[in-house]
Every structure is written in C-alpha cells, then in structure tokens.
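Student: File follows, start-v3.cif with mmCIF, C-alpha atoms:
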data_input
loop_
_atom_site.label_atom_id
_atom_site.label_comp_id
_atom_site.auth_asym_id
_atom_site.auth_seq_id
_atom_site.Cartn_x
_atom_site.Cartn_y
_atom_site.Cartn_z
CA MET M 1 96.44 121.71 -88.66
CA SER M 2 98.19 118.55 -89.79
CA TYR M 3 97.07 116.58 -92.81
CA SER M 4 98.67 114.05 -95.11
CA ALA M 5 101.57 114.88 -97.41
CA ARG M 6 99.45 113.77 -100.32
CA ASN M 7 96.78 116.29 -99.44
CA LYS M 8 99.39 119.03 -99.10
CA PHE M 9 100.55 118.27 -102.62
CA GLU M 10 97.01 118.26 -104.00
CA ILE M 11 96.09 121.49 -102.22
CA ALA M 12 99.16 123.24 -103.64
CA ARG M 13 98.38 121.86 -107.08
CA PHE M 14 94.74 122.92 -107.20
CA SER M 15 95.18 126.27 -105.43
CA GLY M 16 96.75 127.76 -108.54
CA GLU M 17 93.95 126.49 -110.75
CA ASP M 18 91.17 127.88 -108.61
CA ASP M 19 90.38 131.58 -108.92
CA ASN M 20 87.67 131.54 -106.25
CA HIS M 21 88.06 134.66 -104.09
CA ILE M 22 87.78 132.91 -100.70
CA ASN M 23 90.52 130.47 -101.62
CA LYS M 24 92.97 133.30 -102.29
CA LYS M 25 92.07 135.26 -99.14
CA LEU M 26 92.12 132.47 -96.56
CA PRO M 27 95.00 130.14 -95.74
CA LYS M 28 94.26 126.51 -96.47
CA GLU M 29 94.75 125.64 -92.79
CA LEU M 30 91.94 128.05 -91.88
CA LEU M 31 89.67 126.60 -94.57
CA LEU M 32 90.31 123.16 -93.13
CA ARG M 33 89.45 124.45 -89.65
CA ILE M 34 86.17 125.95 -90.91
CA LEU M 35 85.21 122.75 -92.70
CA SER M 36 85.91 120.72 -89.57
CA TYR M 37 82.71 122.11 -87.99
CA LEU M 38 80.44 120.79 -90.77
CA ASP M 39 78.33 117.63 -90.71
CA VAL M 40 78.55 114.77 -93.20
CA VAL M 41 75.98 116.17 -95.62
CA SER M 42 77.56 119.64 -95.71
CA LEU M 43 81.03 118.22 -96.24
CA CYS M 44 79.81 116.15 -99.18
CA ARG M 45 78.24 119.24 -100.72
CA CYS M 46 81.42 121.25 -100.23
CA ALA M 47 83.38 118.49 -101.94
CA GLN M 48 81.43 119.24 -105.12
CA VAL M 49 82.31 122.95 -105.27
CA SER M 50 85.76 122.69 -106.86
CA LYS M 51 88.82 120.47 -107.04
CA LEU M 52 90.45 122.28 -104.15
CA TRP M 53 87.36 122.10 -101.98
CA ASN M 54 87.02 118.41 -102.79
CA VAL M 55 90.49 117.78 -101.38
CA LEU M 56 89.84 119.97 -98.34
CA ALA M 57 86.36 118.61 -97.56
CA LEU M 58 87.47 114.99 -97.81
CA ASP M 59 90.57 115.44 -95.70
CA GLY M 60 90.52 112.98 -92.83
CA SER M 61 90.94 115.72 -90.24
CA ASN M 62 87.40 116.94 -91.04
CA TRP M 63 85.87 113.54 -90.36
CA GLN M 64 86.52 113.21 -86.65
CA ARG M 65 82.82 113.01 -85.71
CA ILE M 66 80.42 111.16 -88.01
CA ASP M 67 76.73 110.41 -87.41
CA LEU M 68 75.10 108.62 -90.32
CA PHE M 69 71.66 108.34 -88.66
CA ASP M 70 70.52 111.75 -89.89
CA PHE M 71 72.16 111.16 -93.26
CA GLN M 72 71.52 107.62 -94.43
CA THR M 73 70.93 104.42 -92.45
CA ASP M 74 70.78 101.95 -95.34
CA VAL M 75 74.51 102.18 -96.01
CA GLU M 76 76.37 99.06 -97.03
CA GLY M 77 79.58 97.72 -95.56
CA PRO M 78 81.93 99.05 -98.28
CA VAL M 79 80.85 102.62 -97.50
CA ILE M 80 81.90 102.24 -93.86
CA GLU M 81 85.16 100.60 -94.89
CA ASN M 82 85.89 103.51 -97.24
CA ILE M 83 85.12 106.05 -94.53
CA SER M 84 87.33 104.18 -92.07
CA GLN M 85 90.28 104.14 -94.46
CA ARG M 86 89.82 107.81 -95.37
CA CYS M 87 89.52 108.99 -91.75
CA GLY M 88 92.23 106.77 -90.30
CA GLY M 89 93.60 107.95 -87.00
CA PHE M 90 91.56 111.18 -87.13
CA LEU M 91 88.22 109.49 -86.39
CA ARG M 92 87.05 109.97 -82.80
CA GLN M 93 83.27 109.51 -82.86
CA LEU M 94 81.18 107.32 -85.16
CA SER M 95 77.47 106.60 -84.99
CA LEU M 96 76.10 103.81 -87.17
CA ARG M 97 72.79 103.77 -85.34
CA GLY M 98 70.17 101.97 -87.39
CA CYS M 99 72.61 100.81 -90.09
CA GLU M 100 71.29 97.26 -90.12
CA SER M 101 73.39 96.15 -93.12
CA ILE M 102 76.66 96.67 -91.29
CA ALA M 103 78.35 93.42 -90.29
CA ASP M 104 81.55 92.25 -88.63
CA GLY M 105 83.76 92.78 -91.70
CA SER M 106 83.15 96.52 -91.70
CA ILE M 107 83.78 96.87 -87.97
CA LYS M 108 87.02 94.91 -88.27
CA THR M 109 88.20 97.34 -90.96
CA LEU M 110 87.16 100.22 -88.72
CA ALA M 111 89.13 98.81 -85.81
CA GLN M 112 92.19 98.32 -87.99
CA SER M 113 92.07 101.74 -89.65
CA CYS M 114 90.84 103.94 -86.78
CA PRO M 115 92.72 102.99 -83.60
CA ASN M 116 92.00 106.34 -81.94
CA ILE M 117 88.22 106.07 -81.97
CA GLU M 118 86.69 107.05 -78.62
CA GLU M 119 82.92 106.73 -79.19
CA LEU M 120 81.15 104.06 -81.25
CA ASN M 121 77.38 103.67 -81.57
CA LEU M 122 76.20 100.38 -83.10
CA ASN M 123 72.59 100.63 -81.91
CA LYS M 124 70.40 98.26 -83.98
CA CYS M 125 73.31 97.01 -86.09
CA LYS M 126 71.75 93.58 -85.81
CA LYS M 127 74.37 91.72 -87.86
CA VAL M 128 77.20 92.68 -85.54
CA THR M 129 78.51 89.82 -83.38
CA ASP M 130 81.18 89.19 -80.77
CA GLN M 131 83.81 89.21 -83.52
CA SER M 132 83.38 92.97 -83.88
CA CYS M 133 83.99 93.60 -80.19
CA GLN M 134 86.98 91.28 -80.20
CA ALA M 135 88.51 93.32 -83.05
CA LEU M 136 87.79 96.57 -81.21
CA GLY M 137 89.30 95.17 -78.03
CA ARG M 138 92.51 94.31 -79.86
CA LYS M 139 92.94 97.58 -81.76
CA CYS M 140 90.98 100.41 -80.09
CA SER M 141 92.41 100.87 -76.62
CA LYS M 142 91.18 104.49 -76.43
CA LEU M 143 87.50 103.54 -76.72
CA GLN M 144 85.44 105.30 -74.04
CA LYS M 145 81.79 104.97 -75.09
CA MET M 146 80.26 101.85 -76.64
CA ASN M 147 76.59 101.42 -77.59
CA LEU M 148 75.50 97.88 -78.49
CA ASP M 149 71.79 98.45 -77.85
CA SER M 150 69.62 95.92 -79.72
CA CYS M 151 72.52 93.88 -81.13
CA PRO M 152 71.01 90.45 -80.35
CA SER M 153 74.12 88.39 -81.18
CA ILE M 154 76.28 90.10 -78.56
CA THR M 155 77.22 87.87 -75.61
CA ASP M 156 79.52 87.88 -72.59
CA ILE M 157 82.41 87.32 -75.00
CA SER M 158 82.04 90.92 -76.19
CA LEU M 159 82.15 92.37 -72.68
CA LYS M 160 85.18 90.24 -71.87
CA ALA M 161 86.98 91.46 -75.01
CA LEU M 162 86.16 95.09 -74.25
CA SER M 163 87.25 94.73 -70.63
CA ASP M 164 90.60 93.28 -71.72
CA GLY M 165 91.40 95.83 -74.43
CA CYS M 166 89.49 99.02 -73.59
CA PRO M 167 90.25 99.96 -69.95
CA LEU M 168 89.17 103.58 -70.52
CA LEU M 169 85.52 102.69 -71.11
CA THR M 170 83.15 105.00 -69.24
CA HIS M 171 79.80 104.33 -70.99
CA VAL M 172 78.44 100.95 -72.08
CA ASN M 173 74.95 100.13 -73.37
CA VAL M 174 74.01 96.48 -73.97
CA SER M 175 70.23 96.85 -73.78
CA TRP M 176 68.25 93.94 -75.22
CA CYS M 177 71.39 91.85 -75.67
CA GLN M 178 69.67 89.02 -73.88
CA SER M 179 72.66 86.68 -73.83
CA ILE M 180 74.50 88.98 -71.42
CA THR M 181 74.89 87.44 -67.96
CA GLU M 182 76.61 88.24 -64.68
CA ASN M 183 79.84 86.77 -66.04
CA GLY M 184 80.17 89.41 -68.77
CA VAL M 185 79.18 92.23 -66.46
CA GLU M 186 81.67 91.12 -63.82
CA ALA M 187 84.48 91.03 -66.40
CA LEU M 188 83.55 94.52 -67.58
CA ALA M 189 83.40 95.89 -64.04
CA ARG M 190 86.78 94.45 -63.13
CA GLY M 191 88.48 95.57 -66.34
CA CYS M 192 86.91 99.03 -66.66
CA PRO M 193 86.99 100.68 -63.22
CA LYS M 194 86.31 104.12 -64.75
CA LEU M 195 82.82 103.06 -65.85
CA LYS M 196 80.27 105.85 -65.24
CA SER M 197 77.24 104.57 -67.13
CA PHE M 198 75.96 101.03 -67.63
CA ILE M 199 72.64 100.39 -69.38
CA CYS M 200 71.25 96.88 -69.82
CA ARG M 201 67.51 97.25 -70.32
CA GLY M 202 65.80 93.95 -71.04
CA CYS M 203 68.81 91.80 -70.10
CA LYS M 204 66.90 89.34 -67.96
CA ASN M 205 69.98 87.33 -67.03
CA VAL M 206 71.57 90.29 -65.26
CA ASN M 207 71.20 89.54 -61.56
CA ASP M 208 72.30 90.68 -58.11
CA LYS M 209 75.85 89.43 -58.62
CA ALA M 210 76.23 91.56 -61.75
CA VAL M 211 74.99 94.76 -60.11
CA SER M 212 77.03 94.06 -56.97
CA CYS M 213 80.19 93.81 -59.10
CA LEU M 214 79.41 97.16 -60.72
CA ALA M 215 78.89 98.71 -57.29
CA THR M 216 82.13 97.19 -55.97
CA TYR M 217 84.56 97.75 -58.83
CA CYS M 218 83.17 100.94 -60.44
CA PRO M 219 83.07 103.57 -57.69
CA ASP M 220 82.34 106.39 -60.16
CA LEU M 221 79.18 104.77 -61.55
CA GLU M 222 76.63 107.57 -62.05
CA VAL M 223 74.04 105.98 -64.36
CA LEU M 224 72.55 102.51 -64.02
CA ASN M 225 69.57 101.31 -66.05
CA VAL M 226 68.47 97.75 -65.28
CA GLN M 227 64.90 98.08 -66.53
CA GLY M 228 63.28 94.67 -66.85
CA CYS M 229 66.05 92.80 -65.01
CA GLU M 230 63.39 91.10 -62.99
CA ASN M 231 65.67 88.95 -60.83
CA LEU M 232 67.21 91.89 -59.00
CA THR M 233 66.53 92.23 -55.29
CA ASP M 234 67.25 94.68 -52.47
CA GLU M 235 70.59 92.94 -51.91
CA SER M 236 72.34 94.52 -54.90
CA ILE M 237 70.52 97.87 -55.02
CA SER M 238 71.56 98.48 -51.42
CA LYS M 239 75.25 98.33 -52.47
CA LEU M 240 75.12 101.25 -54.91
CA GLY M 241 77.41 104.13 -54.00
CA GLY M 242 77.23 107.86 -53.55
CA ALA M 243 78.21 108.70 -57.13
CA MET M 244 74.85 107.46 -58.42
CA ARG M 245 72.81 110.17 -60.18
CA ARG M 246 70.38 108.36 -62.49
CA LEU M 247 68.88 105.01 -61.60
CA CYS M 248 66.22 103.04 -63.45
CA VAL M 249 64.93 99.86 -61.84
CA SER M 250 61.55 99.83 -63.57
CA GLY M 251 60.16 96.32 -63.89
CA CYS M 252 62.33 95.00 -61.04
CA SER M 253 59.26 93.78 -59.23
CA LEU M 254 61.07 92.11 -56.30
CA LEU M 255 62.31 95.39 -54.84
CA THR M 256 60.88 96.61 -51.56
CA ASP M 257 61.12 99.63 -49.28
CA ALA M 258 64.51 98.33 -48.17
CA SER M 259 65.93 99.48 -51.51
CA LEU M 260 64.50 102.96 -51.05
CA SER M 261 65.92 103.20 -47.54
CA ALA M 262 69.33 102.10 -48.81
CA LEU M 263 69.25 104.65 -51.63
CA ALA M 264 68.30 107.34 -49.15
CA ALA M 265 71.31 106.45 -47.02
CA SER M 266 73.89 105.92 -49.79
CA CYS M 267 72.80 107.98 -52.82
CA PRO M 268 71.76 111.44 -51.62
CA GLU M 269 72.69 113.06 -54.95
CA LEU M 270 70.14 111.11 -57.02
CA VAL M 271 68.59 113.24 -59.77
CA THR M 272 66.51 110.67 -61.68
CA LEU M 273 64.76 107.65 -60.19
CA GLU M 274 62.53 105.35 -62.23
CA LEU M 275 60.54 102.78 -60.26
CA ALA M 276 57.70 101.82 -62.60
CA GLN M 277 56.05 98.47 -61.82
CA CYS M 278 57.80 98.12 -58.47
CA ALA M 279 54.55 97.11 -56.84
CA HIS M 280 55.90 96.36 -53.34
CA LEU M 281 57.01 99.94 -52.61
CA THR M 282 54.97 101.83 -50.01
CA ASP M 283 54.67 105.28 -48.48
CA ALA M 284 57.22 104.37 -45.79
CA GLY M 285 59.96 103.85 -48.37
CA PHE M 286 59.26 107.15 -50.08
CA GLN M 287 59.25 108.92 -46.74
CA ALA M 288 62.83 107.77 -46.16
CA LEU M 289 63.80 108.68 -49.73
CA ALA M 290 62.34 112.18 -49.59
CA ARG M 291 64.16 112.97 -46.36
CA SER M 292 67.58 112.45 -47.93
CA CYS M 293 67.35 112.77 -51.72
CA ARG M 294 66.54 116.44 -52.06
CA MET M 295 68.15 116.74 -55.51
CA LEU M 296 65.54 114.56 -57.23
CA GLU M 297 64.21 116.09 -60.44
CA ARG M 298 62.54 113.18 -62.26
CA MET M 299 60.57 110.28 -60.80
CA ASP M 300 58.56 107.56 -62.48
CA LEU M 301 56.23 105.78 -60.03
CA GLU M 302 53.91 104.17 -62.58
CA GLU M 303 52.11 101.14 -61.15
CA CYS M 304 53.50 101.62 -57.67
CA VAL M 305 50.03 100.58 -56.64
CA LEU M 306 50.49 100.71 -52.84
CA ILE M 307 51.43 104.38 -52.57
CA THR M 308 48.87 106.90 -51.34
CA ASP M 309 48.62 110.64 -50.90
CA ALA M 310 51.16 110.30 -48.10
CA THR M 311 53.91 109.74 -50.69
CA LEU M 312 52.99 113.01 -52.39
CA VAL M 313 53.13 114.78 -49.03
CA HIS M 314 56.65 113.46 -48.46
CA LEU M 315 57.81 114.40 -51.96
CA ALA M 316 56.25 117.85 -51.66
CA MET M 317 58.18 118.55 -48.48
CA GLY M 318 61.45 116.83 -49.33
CA CYS M 319 62.06 117.23 -53.08
CA PRO M 320 61.94 120.94 -53.98
CA ARG M 321 63.55 120.43 -57.43
CA LEU M 322 61.04 117.92 -58.79
CA GLU M 323 60.35 118.60 -62.49
CA LYS M 324 58.73 115.45 -63.86
CA LEU M 325 56.54 113.07 -61.89
CA THR M 326 54.65 110.07 -63.25
CA LEU M 327 51.89 108.56 -61.11
CA SER M 328 50.12 106.50 -63.76
CA HIS M 329 48.03 103.62 -62.38
CA CYS M 330 48.62 104.74 -58.79
CA GLU M 331 44.97 104.16 -58.02
CA LEU M 332 45.04 105.36 -54.39
CA ILE M 333 46.10 108.92 -55.27
CA THR M 334 43.36 111.49 -54.69
CA ASP M 335 42.82 115.22 -55.04
CA PHE M 336 44.26 115.73 -51.56
CA GLY M 337 47.66 114.43 -52.64
CA ILE M 338 47.64 116.64 -55.74
CA LYS M 339 46.75 119.60 -53.54
CA GLN M 340 49.78 118.97 -51.31
CA LEU M 341 51.98 118.69 -54.38
CA SER M 342 50.60 121.91 -55.84
CA MET M 343 51.50 123.84 -52.69
CA SER M 344 55.09 122.62 -52.60
CA PRO M 345 58.17 124.62 -53.66
CA CYS M 346 58.71 122.31 -56.64
CA ALA M 347 55.23 123.03 -58.02
CA ALA M 348 55.70 126.77 -57.98
CA GLU M 349 59.14 126.78 -59.60
CA HIS M 350 60.02 123.52 -61.33
CA LEU M 351 57.19 121.06 -62.01
CA THR M 352 56.71 120.77 -65.79
CA VAL M 353 55.30 117.27 -66.39
CA LEU M 354 52.72 115.36 -64.34
CA GLY M 355 51.37 111.95 -65.33
CA LEU M 356 48.03 111.04 -63.74
CA ASP M 357 46.53 108.65 -66.27
CA ASN M 358 44.48 105.81 -64.83
CA CYS M 359 44.19 107.47 -61.41
CA PRO M 360 40.47 106.89 -60.93
CA LEU M 361 40.10 108.98 -57.76
CA VAL M 362 41.45 112.17 -59.35
CA THR M 363 38.67 114.66 -60.08
CA ASP M 364 38.18 118.21 -61.30
CA GLY M 365 39.35 119.40 -57.90
CA ALA M 366 42.89 118.23 -58.66
CA LEU M 367 43.02 120.43 -61.76
CA GLU M 368 41.87 123.42 -59.75
CA HIS M 369 44.85 122.94 -57.43
CA LEU M 370 47.26 122.67 -60.37
CA ILE M 371 46.35 126.14 -61.61
CA SER M 372 49.07 127.48 -59.31
CA CYS M 373 51.75 125.39 -61.08
CA HIS M 374 52.80 128.12 -63.49
CA ASN M 375 55.55 126.11 -65.22
CA LEU M 376 53.41 123.03 -65.88
CA GLN M 377 53.74 122.12 -69.57
CA LEU M 378 52.18 118.66 -69.82
CA ILE M 379 49.59 116.73 -67.86
CA GLU M 380 48.39 113.22 -68.74
CA LEU M 381 44.83 112.33 -67.76
CA TYR M 382 44.02 109.24 -69.82
CA ASP M 383 41.19 107.26 -68.23
CA CYS M 384 40.67 109.73 -65.38
CA GLN M 385 36.93 109.39 -65.67
CA MET M 386 36.16 111.86 -62.87
CA VAL M 387 37.80 114.71 -64.78
CA THR M 388 35.55 116.76 -67.07
CA ARG M 389 36.12 118.86 -70.15
CA ASN M 390 35.09 121.99 -68.26
CA ALA M 391 37.86 121.49 -65.72
CA ILE M 392 40.41 121.08 -68.50
CA ARG M 393 39.18 124.25 -70.20
CA LYS M 394 39.51 126.14 -66.94
CA LEU M 395 43.06 124.84 -66.47
CA ARG M 396 43.95 125.95 -70.00
CA ASN M 397 42.55 129.39 -69.37
CA HIS M 398 45.06 129.84 -66.56
CA LEU M 399 47.90 127.92 -68.25
CA PRO M 400 47.46 128.61 -71.98
CA ASN M 401 50.63 126.79 -73.04
CA ILE M 402 49.89 123.54 -71.28
CA LYS M 403 49.40 120.29 -73.23
CA VAL M 404 46.68 118.00 -71.90
CA HIS M 405 46.61 114.37 -72.95
CA ALA M 406 43.22 112.90 -72.20
CA TYR M 407 40.28 111.15 -73.78
CA PHE M 408 36.57 111.09 -73.18
CA ALA M 409 34.60 107.99 -74.01
CA PRO M 410 31.34 108.80 -75.78
CA VAL M 411 28.22 107.73 -73.92
CA THR M 412 26.39 104.67 -75.23
CA PRO M 413 22.67 105.44 -75.65
CA PRO M 414 20.74 104.30 -72.55
CA VAL M 415 18.66 101.17 -72.62
CA ALA M 416 15.02 102.04 -73.31
CA GLY M 417 12.85 102.26 -70.23
CA GLY M 418 15.64 101.88 -67.73
CA GLY M 419 17.43 104.26 -65.46
CA ALA M 420 20.63 102.27 -65.44
CA ARG M 421 24.02 103.96 -65.26
CA PRO M 422 25.35 104.99 -68.73
CA ARG M 423 27.90 102.61 -70.20
CA TYR M 424 31.03 103.80 -71.98
CA CYS M 425 32.86 102.36 -74.92
CA ARG M 426 36.62 102.56 -75.26
CA CYS M 427 36.63 104.84 -78.31
CA CYS M 428 38.60 107.91 -77.40
CA SER M 429 38.47 111.58 -78.13
CA ILE M 430 41.97 113.06 -77.95
CA ILE M 431 42.10 116.64 -76.75
#
Can the structure in the file be given as structure tokens, please?

Tutor:
Amino acid sequence: MSYSARNKFEIARFSGEDDNHINKKLPKELLLRILSYLDVVSLCRCAQVSKLWNVLALDGSNWQRIDLFDFQTDVEGPVIENISQRCGGFLRQLSLRGCESIADGSIKTLAQSCPNIEELNLNKCKKVTDQSCQALGRKCSKLQKMNLDSCPSITDISLKALSDGCPLLTHVNVSWCQSITENGVEALARGCPKLKSFICRGCKNVNDKAVSCLATYCPDLEVLNVQGCENLTDESISKLGGAMRRLCVSGCSLLTDASLSALAASCPELVTLELAQCAHLTDAGFQALARSCRMLERMDLEECVLITDATLVHLAMGCPRLEKLTLSHCELITDFGIKQLSMSPCAAEHLTVLGLDNCPLVTDGALEHLISCHNLQLIELYDCQMVTRNAIRKLRNHLPNIKVHAYFAPVTPPVAGGGARPRYCRCCSII
C-alpha cells in the first residue's frame, strides 16, 4: 500500500504516542487496507478516534470511491476542492449527485487534481456548464462513466470535449440536457467507439442521424434510452446492432411495426424493451418480436393502444423469461389474454410484476387465472372498474405476499325516484 512520504512520517510519529491495542498489533499498511472499505461517513468518524487514525483515515488511498448523496448534498464548492486535493491521483469514482451548489470552478480543480478519475456523477448539478466538461476532457483521459443528467447548461460543446479527450468512455447520460443535438452525439460516437450505454431522455433534438451514428460507430452499444425523443423513426431504430440489451423508446410516437421487425432480426439478445406511448405498434409487430427475442425479461407496453390479446398470446409462447410486463391503458386486453399469459412458462417461474391499470375489459376472471402465478409480487389495477374487492381478496388468499395497487370509487347516492346507473366520483380508496 503506497501513500505519501508525509503520511509515512506522520504515521511513524503518532504510532509511538498511541497506546491503542489494535495499533500495536496490526501493521499500518493493514489498517489502511481495512479503512479503504469504509464509506465517507465512517472514515470521518474514524478520523476522530486518535491522531494516528486521523492520518490513516484521511489518507488519499482511502478515498478512491466517494458518494456524497447519502452523506450531504448541500456541500459547497470549497469542500469538493479540498477533497480533490486530498485524494489526488487516488480518486477513481466520485458522485456529486444532487449537489446543486457545485459549479465549474470546483470541477476544474477536480480535473486538475484527480487525473485518474474513471467515474463522475454530476446528476442535478445545475450550475455545471460546458467549461467543466472541457476541463475534464483536457485532464481526465481515463474517464469511463459520465453522468450529466439534468444539467441544463450542457450543450454539444461538452460532448465534443469529452469525445476529444476521453476516448475510453463507455457510459454517458445527458438526459434532460435539451441543448444536445445530433452534432454532439455524432462527435461522441466517433470519438468514443467503446461506448456501451447512452442515455438521453428528454433530449428532443436527438434525431435519426444521432441514433444512426451511435449504431454505426459504437458496435458494443448495449443500452440506449431515447425516451421522449419524439422525432425518431423506424429508420434509425432499424440500424441498431446485436449487442443491444436494454432499449427504451418510450414516447417515440412515430415508430411502427417496422421497428419491432428490425429489432427481432438484429437484436435477439434484448432483455429490456420499453415502448410506452408507441401508439402505432400492433399485434403483428409483437408476433415478430416474440419469435426472435426469447431473452426478454422486462417490457413496458403502456398506451400501446392497438394491441389485443393476440400480443399476449405471442409473448406467452415466445418469451419464457418475462418478469415484468406493463399493459397500462391497453384498452383492448381482456381476460382471455391474461389467461394465456398465466398458462405460459414465464408466469409459472418468472413473472413478478404485472401492470393492468386502466384496462377496462379486465374483470375478476383475470385475477382467477393469475392465482397460478406463484412468483407474482405486484399487480396494478387502478381504474379496472370490472374488478371487485372479493376477487382481490381471493387472489391474496392464494398469494399472501402479493401487493395490489388499486382503488375503488365510492358510489354516489342514487337520484331519488330513478333507476339510473350509479355514478362514481374520482375519490380513491387505496388497498
């Protein structure tokens, strides 16, 4: 275990003053190794034990991985600058998630003092601008994971700087950085061919050209989240390669069955597929998908309003590993589809979460079929007005650990003298 010459001197100096038993029994190198497994809070507490422990706990070699989110998010810039200077070249991972007071000055000091940093999380550091990424690009060539989620001042300039100076990048998150365009994404794709994960939720200027560049220049891309990038079409999705494992295109409302057919042909190892609000998808697309993508474990089909029970039949036969399935607002789904799902291999062994809220044709019969899903942990039934409390009680009797999210609107008193249908208010009773 290497540490600074100054620390060696201080350790030797204080070791003679400290009569603590553990300090005499264990070599200082071993104490340093033990302390290296502690989090920020524990290290700070250890630093208060004695003079020797203060030196050991604050040694830079113990501060290789720092996450301030669980410790304190209202830290000021000087604190980060002090940490950066203390850690120096030892620092590998730093999370400043939620530290909204941190600005460019602190990140520039970090880049200067910690050139070996590999992972940096600046999620919701809203004062950070392109200047921070330019400093990182100049000084931190070993950077592999960069999270700029919800940093609204970040633009294409940041992606260009990172692509020029950080060729080892594998994970980049620029969600809700709404100034990002295809130009920045193209620069990143060309400069960082090892990219495995790119997340840009809410970046409405990301288009087909951007995704096509990622597909072309980043052959190892496994994770792509383009939620809310509403200009995307089948053209770019059809270019994604076989390394893809987790894909979210929720809110990309222009996609059609052609995308599903392309994914079936090119991405057979897909594990997660999120398609919420892709309203043009039909049973035919899911038939093609289910034939090829047998590794699927999680699917979100919320507001895929054209799908019917036929989609559930295809998934039941073709996706034996399915664990989580969301069918919210799929208003054509009926008890028959749920029955087919309940008889599938995935239902017996893997299915744990099923979302059926706002499926108006689902009735008590669906819950009777789900009794055979022994691993089911959560079912969502909000606004399934054909489902009764008695059916839920029966389901719970067979699956005592299941969580049911539902509400029942209390009946408004009937109008005097009339036999009209009871009306319901929107007040809810959570069960």

Student: Spell out the residues picked by the PyMOL selection byres ((chain M and resi 158-164) around 6) here, as a list in words.

Tutor: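 So the PyMOL selection byres ((chain M and resi 158-164) around 6), applied here, picks out Asp130, Cys133, Gln134, Gly137, Thr155, Asp156, Ile157, Gly165, Cys166, Gly184, Ala187, Leu188, Gly191 and Cys192 of chain M.
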
Student: Go ahead and compute the interatomic distance for CA of Gln64 in chain M and CA of Leu122 in chain M, in Å to one decimal.

Tutor: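 CA of Leu122 in chain M lies at a distance of 16.8 Å from CA of Gln64 in chain M.
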
Student: Using all atoms listed in the file and a cutoff of 12 Å, can you tell me which residues are near (89.5, 98.3, -79.2) in the file's coordinates, and write them out as a ChimeraX atom specification?

Tutor: /M:107-120,131-146,158-169

Student: Measure the distance from CA of Leu395 in chain M to CA of Leu370 in chain M in Å and round it to one decimal.

Tutor: 7.7 Å

Student: If I take CA of Asp335 in chain M and CA of Ser261 in chain M, how far is one from the other in Å, to one decimal?

Tutor: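 Computed distance, CA of Asp335 in chain M to CA of Ser261 in chain M, equals 27.1 Å.
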
Student: List the residues matched by the PyMOL selection byres ((chain M and resi 250) around 9) in the displayed structure as a list in words, ordered by chain and then by residue number.

Tutor: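 The output of the PyMOL selection byres ((chain M and resi 250) around 9) on this file is Asn225, Val226, Gln227, Gly228, Cys229, Glu230, Cys248, Val249, Gly251, Cys252, Ser253, Glu274, Leu275, Ala276, Gln277, Cys278, Asp300, Leu301 and Glu302 of chain M.
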
Student: Determine, counting all atoms listed in the file, which protein, DNA and RNA residues have an atom within 9 Å of an atom of range 321-333 of chain M; residues of the same chain fewer than 5 positions away are not included. Present the result as a PyMOL selection string.

Tutor: chain M and resi 271+276+294-310+312+315-316+338+345-347+349-362+376+380-381

Student: Taking C-alpha atoms for each residue, export the selection above as an mmCIF file, in the frame of the given file.

Tutor:
data_model
loop_
_atom_site.group_PDB
_atom_site.id
_atom_site.type_symbol
_atom_site.label_atom_id
_atom_site.label_comp_id
_atom_site.auth_asym_id
_atom_site.auth_seq_id
_atom_site.Cartn_x
_atom_site.Cartn_y
_atom_site.Cartn_z
ATOM 1 C CA VAL M 271 68.590 113.240 -59.770
ATOM 2 C CA ALA M 276 57.700 101.820 -62.600
ATOM 3 C CA ARG M 294 66.540 116.440 -52.060
ATOM 4 C CA MET M 295 68.150 116.740 -55.510
ATOM 5 C CA LEU M 296 65.540 114.560 -57.230
ATOM 6 C CA GLU M 297 64.210 116.090 -60.440
ATOM 7 C CA ARG M 298 62.540 113.180 -62.260
ATOM 8 C CA MET M 299 60.570 110.280 -60.800
ATOM 9 C CA ASP M 300 58.560 107.560 -62.480
ATOM 10 C CA LEU M 301 56.230 105.780 -60.030
ATOM 11 C CA GLU M 302 53.910 104.170 -62.580
ATOM 12 C CA GLU M 303 52.110 101.140 -61.150
ATOM 13 C CA CYS M 304 53.500 101.620 -57.670
ATOM 14 C CA VAL M 305 50.030 100.580 -56.640
ATOM 15 C CA LEU M 306 50.490 100.710 -52.840
ATOM 16 C CA ILE M 307 51.430 104.380 -52.570
ATOM 17 C CA THR M 308 48.870 106.900 -51.340
ATOM 18 C CA ASP M 309 48.620 110.640 -50.900
ATOM 19 C CA ALA M 310 51.160 110.300 -48.100
ATOM 20 C CA LEU M 312 52.990 113.010 -52.390
ATOM 21 C CA LEU M 315 57.810 114.400 -51.960
ATOM 22 C CA ALA M 316 56.250 117.850 -51.660
ATOM 23 C CA ILE M 338 47.640 116.640 -55.740
ATOM 24 C CA PRO M 345 58.170 124.620 -53.660
ATOM 25 C CA CYS M 346 58.710 122.310 -56.640
ATOM 26 C CA ALA M 347 55.230 123.030 -58.020
ATOM 27 C CA GLU M 349 59.140 126.780 -59.600
ATOM 28 C CA HIS M 350 60.020 123.520 -61.330
ATOM 29 C CA LEU M 351 57.190 121.060 -62.010
ATOM 30 C CA THR M 352 56.710 120.770 -65.790
ATOM 31 C CA VAL M 353 55.300 117.270 -66.390
ATOM 32 C CA LEU M 354 52.720 115.360 -64.340
ATOM 33 C CA GLY M 355 51.370 111.950 -65.330
ATOM 34 C CA LEU M 356 48.030 111.040 -63.740
ATOM 35 C CA ASP M 357 46.530 108.650 -66.270
ATOM 36 C CA ASN M 358 44.480 105.810 -64.830
ATOM 37 C CA CYS M 359 44.190 107.470 -61.410
ATOM 38 C CA PRO M 360 40.470 106.890 -60.930
ATOM 39 C CA LEU M 361 40.100 108.980 -57.760
ATOM 40 C CA VAL M 362 41.450 112.170 -59.350
ATOM 41 C CA LEU M 376 53.410 123.030 -65.880
ATOM 42 C CA GLU M 380 48.390 113.220 -68.740
ATOM 43 C CA LEU M 381 44.830 112.330 -67.760
#

Student: For Asn207 in chain M, find every residue with an atom within 9 Å (counting all atoms listed in the file), except residues of its own chain fewer than 2 positions away, and show them as a count of residues only.

Tutor: 14

Student: Which residue, M:Leu270, M:Cys373, M:Ala264, M:Leu94, has the smallest gap to Ala284 in chain M when you use all atoms listed in the file?

Tutor: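 When distances to Ala284 in chain M are compared using all atoms listed in the file, the smallest one comes from M:Ala264.
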
Student: Residue by residue, what does the PyMOL selection byres ((chain M and resi 74) around 12) grab here? Present the result as a list in words.

Tutor: Leu68, Phe69, Asp70, Phe71, Gln72, Thr73, Val75, Glu76, Gly77, Pro78, Val79, Ile80, Leu96, Arg97, Gly98, Cys99, Glu100, Ser101, Ile102, Lys124 and Cys125 of chain M

Student: I need the residue nearest Leu148 in chain M from this list: M:Thr129, M:Asn82, M:Ser266, M:Asn121. Use all atoms listed in the file for the distance.

Tutor: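 Counting all atoms listed in the file, the residue closest to Leu148 in chain M is M:Asn121.
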
Student: Which residues, written as a PyMOL selection string, have at least one atom at most 10 Å from Ala288 in chain M, with all atoms listed in the file counted and residues fewer than 6 positions away on the same chain left out?

Tutor: chain M and resi 257-258+260-265+314+318

Student: Return the single residue from M:Ile237, M:Cys213, M:Ala103, M:Leu91 that is closest to Val128 in chain M, with distances computed using all atoms listed in the file.

Tutor: M:Ala103

Student: From the options M:Cys267, M:Ile66, M:Met386, M:Leu31, which residue's atoms come nearest to Cys293 in chain M, counting all atoms listed in the file?

Tutor: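 That would be M:Cys267, the residue with the smallest distance to Cys293 in chain M.
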